[in-house]
file upload32.txt (compact mmCIF, C-alpha atoms)
# COMPACT_ATOMS: atom_id res chain seq x y z
CA MET A 17 101.37 112.92 96.83
CA ALA A 18 97.79 112.48 98.03
CA THR A 19 97.13 110.62 101.25
CA GLU A 20 95.14 107.40 100.98
CA PRO A 21 91.52 107.52 102.14
CA ILE A 22 90.86 105.83 105.47
CA MET A 23 87.74 103.86 106.42
CA ILE A 24 87.13 102.59 109.94
CA PHE A 25 85.50 99.16 110.31
CA SER A 26 84.39 97.54 113.56
CA ARG A 27 82.08 94.82 114.75
CA THR A 28 79.67 96.94 116.75
CA PRO A 29 78.05 100.27 115.88
CA ASP A 30 78.48 103.07 118.42
CA VAL A 31 77.44 106.24 116.65
CA PRO A 32 76.60 108.20 119.84
CA GLY A 33 79.82 107.00 121.52
CA VAL A 34 81.91 108.28 118.61
CA ALA A 35 80.14 111.65 118.79
CA ARG A 36 80.80 111.92 122.54
CA LEU A 37 84.46 110.99 122.05
CA LEU A 38 84.98 113.48 119.22
CA ARG A 39 83.42 116.25 121.32
CA THR A 40 86.16 115.67 123.93
CA LEU A 41 88.96 115.67 121.34
CA SER A 42 88.37 119.04 119.71
CA PRO A 43 86.80 122.27 120.91
CA LYS A 44 86.02 123.00 117.24
CA PHE A 45 83.52 120.22 116.68
CA GLN A 46 80.31 120.21 114.64
CA LEU A 47 77.81 117.39 114.26
CA ASP A 48 75.46 117.17 111.26
CA GLY A 49 72.41 115.35 112.58
CA PRO A 50 71.35 113.98 115.95
CA GLU A 51 73.97 112.40 118.20
CA ALA A 52 72.36 108.97 117.82
CA ASP A 53 72.47 109.00 113.99
CA TRP A 54 74.62 111.82 112.62
CA ASN A 55 75.68 112.10 108.96
CA SER A 56 79.00 113.82 109.49
CA ALA A 57 81.17 115.02 112.33
CA THR A 58 83.64 117.81 111.53
CA LEU A 59 86.67 118.74 113.62
CA VAL A 60 89.04 121.61 112.95
CA THR A 61 92.56 121.46 114.30
CA GLY A 62 95.67 123.59 113.91
CA SER A 63 96.27 127.30 114.26
CA LEU A 64 94.38 130.17 112.70
CA TRP A 65 96.73 130.18 109.69
CA LYS A 66 97.17 126.42 109.40
CA LYS A 67 93.69 125.05 109.92
CA ARG A 68 93.19 121.35 109.22
CA LYS A 69 89.81 119.74 108.82
CA LEU A 70 88.88 116.14 109.62
CA ILE A 71 85.42 114.86 108.75
CA PHE A 72 83.99 111.53 109.87
CA THR A 73 81.13 110.34 107.70
CA HIS A 74 78.37 107.98 108.80
CA ASP A 75 75.66 106.38 106.69
CA LYS A 76 73.63 103.65 108.37
CA THR A 77 72.41 102.35 105.00
CA TYR A 78 76.03 101.55 104.07
CA TYR A 79 76.30 98.93 106.83
CA SER A 80 72.67 97.77 106.82
CA PRO A 81 71.13 94.96 104.76
CA PRO A 82 71.15 94.43 101.87
CA ASN A 83 74.06 96.82 101.20
CA TRP A 84 76.34 95.47 103.92
CA ALA A 85 76.56 91.96 102.48
CA VAL A 86 77.64 93.48 99.17
CA GLN A 87 80.26 95.68 100.89
CA LEU A 88 81.70 92.75 102.85
CA SER A 89 81.77 90.55 99.77
CA GLY A 90 83.62 93.26 97.88
CA MET A 91 86.10 93.68 100.72
CA HIS A 92 86.65 89.91 100.88
CA GLY A 93 87.25 89.80 97.14
CA TYR A 94 89.64 92.73 97.35
CA PHE A 95 91.81 91.19 100.06
CA SER A 96 91.62 87.76 98.40
CA GLY A 97 93.76 89.28 95.66
CA PHE A 98 96.55 90.16 98.09
CA PRO A 99 99.57 87.83 98.28
CA ASP A 100 99.13 84.50 100.09
CA VAL A 101 101.11 85.27 103.24
CA PRO A 102 100.63 84.60 106.96
CA GLY A 103 97.86 86.85 108.22
CA LYS A 104 95.82 86.85 105.01
CA GLU A 105 93.50 84.10 106.28
CA ARG A 106 92.96 86.06 109.51
CA VAL A 107 91.98 89.12 107.50
CA LEU A 108 89.56 87.09 105.39
CA ASN A 109 88.07 85.56 108.58
CA LEU A 110 87.75 89.00 110.19
CA ILE A 111 85.77 90.57 107.35
CA PRO A 112 82.45 88.72 107.89
CA THR A 113 82.48 89.69 111.58
CA LEU A 114 82.43 93.42 110.81
CA GLY A 115 79.19 95.30 111.35
CA PHE A 116 79.93 99.02 111.29
CA ALA A 117 81.78 101.57 109.18
CA LEU A 118 82.81 105.20 109.27
CA GLY A 119 84.47 107.15 106.49
CA THR A 120 87.00 109.92 106.88
CA MET A 121 87.85 112.96 104.78
CA HIS A 122 90.63 115.42 105.44
CA GLU A 123 91.78 118.76 104.11
CA PRO A 124 94.66 119.32 103.56
CA ASP A 125 96.54 116.00 103.25
CA PHE A 126 98.09 114.55 106.38
CA ARG A 127 101.65 115.46 107.35
CA ASP A 128 104.08 113.82 109.77
CA GLY A 129 102.89 114.30 113.34
CA ASP A 130 99.40 115.39 112.20
CA GLU A 131 97.06 115.43 115.20
CA ARG A 132 94.17 114.33 112.97
CA LEU A 133 95.80 110.89 112.66
CA ASP A 134 95.80 110.70 116.47
CA ILE A 135 92.07 111.47 116.44
CA ILE A 136 91.40 108.68 113.93
CA THR A 137 93.45 106.33 116.12
CA LYS A 138 91.43 107.24 119.23
CA VAL A 139 88.15 106.66 117.42
CA ALA A 140 89.37 103.32 116.03
CA GLU A 141 90.64 102.22 119.45
CA SER A 142 87.30 103.13 121.07
CA LEU A 143 85.56 100.86 118.54
CA ASP A 144 88.20 98.07 118.61
CA ALA A 145 88.32 98.71 114.88
CA VAL A 146 90.55 98.20 111.88
CA LEU A 147 91.53 100.82 109.33
CA PHE A 148 90.99 100.10 105.65
CA LEU A 149 93.25 101.89 103.19
CA PRO A 150 93.48 100.89 99.53
CA SER A 151 97.02 99.59 100.15
CA SER A 152 96.38 97.71 103.41
CA LEU A 153 94.28 96.72 106.37
CA ARG A 154 95.70 98.16 109.59
CA ASP A 155 95.08 97.95 113.30
CA ALA A 156 93.59 100.88 115.22
CA GLN A 157 97.04 102.43 115.65
CA GLY A 158 97.90 102.17 111.96
CA ARG A 159 100.16 99.11 112.10
CA ILE A 160 99.84 96.85 109.06
CA LEU A 161 97.80 93.66 109.44
CA LEU A 162 98.09 92.92 105.69
CA SER A 163 99.36 95.07 102.84
CA ALA A 164 99.06 94.74 99.08
CA ASP A 165 102.74 93.79 98.90
CA GLY A 166 102.27 91.02 101.49
CA GLU A 167 103.85 92.88 104.40
CA SER A 168 102.54 92.84 107.96
CA ASP A 169 103.71 94.21 111.29
CA PRO A 170 104.11 91.54 113.98
CA ALA A 171 103.25 94.20 116.59
CA ALA A 172 99.85 94.89 114.99
CA LEU A 173 96.89 94.16 117.26
CA TRP A 174 93.86 92.24 116.03
CA PRO A 175 90.35 93.16 117.20
CA GLN A 176 88.77 91.06 119.93
CA ASP A 177 85.63 89.02 119.41
CA ALA A 178 82.53 89.54 121.56
CA ALA A 179 83.94 87.15 124.19
CA GLY A 180 87.17 89.15 124.46
CA SER A 181 89.33 86.74 122.50
CA ILE A 182 91.64 87.89 119.72
CA VAL A 183 90.23 87.04 116.29
CA GLN A 184 92.05 84.08 114.79
call {"tool": "encode", "arguments": {"input": "upload32.txt", "output": "structure tokens"}}
result
Amino acid sequence: MATEPIMIFSRTPDVPGVARLLRTLSPKFQLDGPEADWNSATLVTGSLWKKRKLIFTHDKTYYSPPNWAVQLSGMHGYFSGFPDVPGKERVLNLIPTLGFALGTMHEPDFRDGDERLDIITKVAESLDAVLFLPSSLRDAQGRILLSADGESDPAALWPQDAAGSIVQ
């Protein structure tokens, strides 16, 4: 079964910070573009015979006007269709505060204990970000904030606002 795609969403862009972090996480790191505005960042993990690739994609036009308003509206509409459960309103209130996005691609699919998931977590934590998967919105560590079946993890951590308060 194919792994769901993962998008990283945060309030504040930090393209150079992500590049610097990724450089520390893998000796096999390649950046496509300048550190301040790269298009993709590729990491290779695993052994010679079991190489695994993780690519972070960045496109400033995706999260810039006028495209960003369309993306956020689409995300709001998507999560509006999820069951009316505690936490849904928080998700809907979080969406308009987002201002940055990174995509991820991976080859092959993730497996249990895959170090590439740890790398995604570290990037998301550095950005105080959430993870968007088609089935759910998750905190930086992958705990469910809201899923398509109405589930959530009470241990999931919400991003902080600019003043350091947890988003309500």
call {"tool": "closest_residue", "arguments": {"input": "upload32.txt", "among": "A:Arg132, A:Arg36, A:Arg159, A:Arg154", "to": "Lys67 of chain A", "atoms": "all atoms listed in the file"}}
result
A:Arg132
call {"tool": "residues_around", "arguments": {"input": "upload32.txt", "residues": "segment 20-26 of chain A", "least_positions_apart": "5", "cutoff": "10 Å", "atoms": "all atoms listed in the file", "output": "JSON, numbers by chain"}}
result
{"A": [72, 73, 79, 110, 111, 113, 114, 115, 116, 117, 118, 119, 120, 121, 122, 125, 126, 136, 137, 139, 140, 141, 142, 143, 144, 145, 146, 147, 148, 149, 150, 151, 153, 154, 155, 156, 175]}
call {"tool": "residues_around", "arguments": {"input": "upload32.txt", "residues": "Thr58 of chain A", "least_positions_apart": "2", "cutoff": "6 Å", "atoms": "all atoms listed in the file", "output": "JSON, numbers by chain"}}
result
{"A": [45, 46, 70, 71]}
call {"tool": "write_last_selection", "arguments": {"input": "upload32.txt", "atoms": "C-alpha atoms", "output": "PDB file, in the coordinates of the input"}}
result
ATOM      1  CA  PHE A  45      83.520 120.220 116.680  1.00  0.00           C
ATOM      2  CA  GLN A  46      80.310 120.210 114.640  1.00  0.00           C
ATOM      3  CA  LEU A  70      88.880 116.140 109.620  1.00  0.00           C
ATOM      4  CA  ILE A  71      85.420 114.860 108.750  1.00  0.00           C
TER       5      ILE A  71
END
call {"tool": "atom_distance", "arguments": {"input": "upload32.txt", "atom1": "atom CA of Asp53 of chain A", "atom2": "atom CA of Glu131 of chain A"}}
result
25.4 Å
call {"tool": "atom_distance", "arguments": {"input": "upload32.txt", "atom1": "atom CA of Pro32 of chain A", "atom2": "atom CA of Arg68 of chain A"}}
result
23.7 Å
call {"tool": "residues_around", "arguments": {"input": "upload32.txt", "residues": "Ser152 of chain A", "least_positions_apart": "3", "cutoff": "6 Å", "atoms": "all atoms listed in the file", "output": "PyMOL selection string"}}
result
chain A and resi 149+162-164
call {"tool": "closest_residue", "arguments": {"input": "upload32.txt", "among": "A:Asp128, A:Glu123, A:Asp100, A:Asp134", "to": "Asp165 of chain A", "atoms": "only C-alpha atoms"}}
result
A:Asp100
call {"tool": "atom_distance", "arguments": {"input": "upload32.txt", "atom1": "atom CA of Ala57 of chain A", "atom2": "atom CA of Thr77 of chain A"}}
result
17.1 Å
call {"tool": "decode", "arguments": {"input": "upload32.txt", "residues": "segment 46-111 of chain A", "atoms": "C-alpha atoms", "output": "PDB file, in the first residue's frame"}}
result
ATOM      1  CA  GLN A  46      21.890  18.144  -2.315  1.00  0.00           C
ATOM      2  CA  LEU A  47      20.205  21.512  -2.744  1.00  0.00           C
ATOM      3  CA  ASP A  48      18.697  22.607  -6.072  1.00  0.00           C
ATOM      4  CA  GLY A  49      18.971  26.386  -6.043  1.00  0.00           C
ATOM      5  CA  PRO A  50      20.405  28.953  -3.657  1.00  0.00           C
ATOM      6  CA  GLU A  51      20.063  28.374   0.089  1.00  0.00           C
ATOM      7  CA  ALA A  52      17.720  31.364   0.416  1.00  0.00           C
ATOM      8  CA  ASP A  53      15.252  30.130  -2.235  1.00  0.00           C
ATOM      9  CA  TRP A  54      15.889  26.516  -3.241  1.00  0.00           C
ATOM     10  CA  ASN A  55      13.484  24.438  -5.353  1.00  0.00           C
ATOM     11  CA  SER A  56      14.268  21.044  -3.887  1.00  0.00           C
ATOM     12  CA  ALA A  57      16.429  19.525  -1.201  1.00  0.00           C
ATOM     13  CA  THR A  58      17.330  15.855  -1.616  1.00  0.00           C
ATOM     14  CA  LEU A  59      18.610  13.573   1.138  1.00  0.00           C
ATOM     15  CA  VAL A  60      19.689   9.972   0.728  1.00  0.00           C
ATOM     16  CA  THR A  61      19.580   7.653   3.716  1.00  0.00           C
ATOM     17  CA  GLY A  62      20.120   3.940   4.229  1.00  0.00           C
ATOM     18  CA  SER A  63      22.883   1.600   3.192  1.00  0.00           C
ATOM     19  CA  LEU A  64      24.431   1.115  -0.222  1.00  0.00           C
ATOM     20  CA  TRP A  65      21.932  -1.652  -1.048  1.00  0.00           C
ATOM     21  CA  LYS A  66      18.910  -0.089   0.638  1.00  0.00           C
ATOM     22  CA  LYS A  67      19.093   3.555  -0.332  1.00  0.00           C
ATOM     23  CA  ARG A  68      16.086   5.704   0.518  1.00  0.00           C
ATOM     24  CA  LYS A  69      15.482   9.128  -0.943  1.00  0.00           C
ATOM     25  CA  LEU A  70      13.608  12.006   0.682  1.00  0.00           C
ATOM     26  CA  ILE A  71      12.970  15.180  -1.293  1.00  0.00           C
ATOM     27  CA  PHE A  72      11.627  18.407   0.159  1.00  0.00           C
ATOM     28  CA  THR A  73      10.069  20.674  -2.448  1.00  0.00           C
ATOM     29  CA  HIS A  74       9.736  24.438  -2.174  1.00  0.00           C
ATOM     30  CA  ASP A  75       7.876  26.815  -4.469  1.00  0.00           C
ATOM     31  CA  LYS A  76       7.475  30.369  -3.215  1.00  0.00           C
ATOM     32  CA  THR A  77       4.667  31.030  -5.713  1.00  0.00           C
ATOM     33  CA  TYR A  78       2.596  28.307  -4.008  1.00  0.00           C
ATOM     34  CA  TYR A  79       2.400  30.297  -0.754  1.00  0.00           C
ATOM     35  CA  SER A  80       2.439  33.790  -2.277  1.00  0.00           C
ATOM     36  CA  PRO A  81      -0.540  35.897  -3.363  1.00  0.00           C
ATOM     37  CA  PRO A  82      -2.792  35.301  -5.162  1.00  0.00           C
ATOM     38  CA  ASN A  83      -2.203  31.522  -5.058  1.00  0.00           C
ATOM     39  CA  TRP A  84      -1.987  31.238  -1.284  1.00  0.00           C
ATOM     40  CA  ALA A  85      -5.517  32.493  -0.636  1.00  0.00           C
ATOM     41  CA  VAL A  86      -6.805  29.847  -3.044  1.00  0.00           C
ATOM     42  CA  GLN A  87      -4.748  27.118  -1.331  1.00  0.00           C
ATOM     43  CA  LEU A  88      -5.964  28.106   2.136  1.00  0.00           C
ATOM     44  CA  SER A  89      -9.562  28.308   0.959  1.00  0.00           C
ATOM     45  CA  GLY A  90      -9.254  24.837  -0.526  1.00  0.00           C
ATOM     46  CA  MET A  91      -7.736  23.485   2.673  1.00  0.00           C
ATOM     47  CA  HIS A  92     -10.502  25.097   4.739  1.00  0.00           C
ATOM     48  CA  GLY A  93     -13.136  23.571   2.477  1.00  0.00           C
ATOM     49  CA  TYR A  94     -11.452  20.178   2.677  1.00  0.00           C
ATOM     50  CA  PHE A  95     -11.367  20.077   6.475  1.00  0.00           C
ATOM     51  CA  SER A  96     -14.874  21.553   6.693  1.00  0.00           C
ATOM     52  CA  GLY A  97     -16.060  18.233   5.284  1.00  0.00           C
ATOM     53  CA  PHE A  98     -14.535  16.277   8.164  1.00  0.00           C
ATOM     54  CA  PRO A  99     -16.850  15.172  11.004  1.00  0.00           C
ATOM     55  CA  ASP A 100     -17.993  17.818  13.495  1.00  0.00           C
ATOM     56  CA  VAL A 101     -15.897  16.776  16.483  1.00  0.00           C
ATOM     57  CA  PRO A 102     -13.876  18.617  19.134  1.00  0.00           C
ATOM     58  CA  GLY A 103     -10.759  19.998  17.500  1.00  0.00           C
ATOM     59  CA  LYS A 104     -12.316  20.664  14.101  1.00  0.00           C
ATOM     60  CA  GLU A 105     -12.934  24.337  14.907  1.00  0.00           C
ATOM     61  CA  ARG A 106      -9.303  24.688  16.032  1.00  0.00           C
ATOM     62  CA  VAL A 107      -8.134  23.244  12.727  1.00  0.00           C
ATOM     63  CA  LEU A 108     -10.364  25.622  10.782  1.00  0.00           C
ATOM     64  CA  ASN A 109      -9.062  28.559  12.879  1.00  0.00           C
ATOM     65  CA  LEU A 110      -5.455  27.470  12.331  1.00  0.00           C
ATOM     66  CA  ILE A 111      -5.655  27.372   8.532  1.00  0.00           C
TER      67      ILE A 111
END
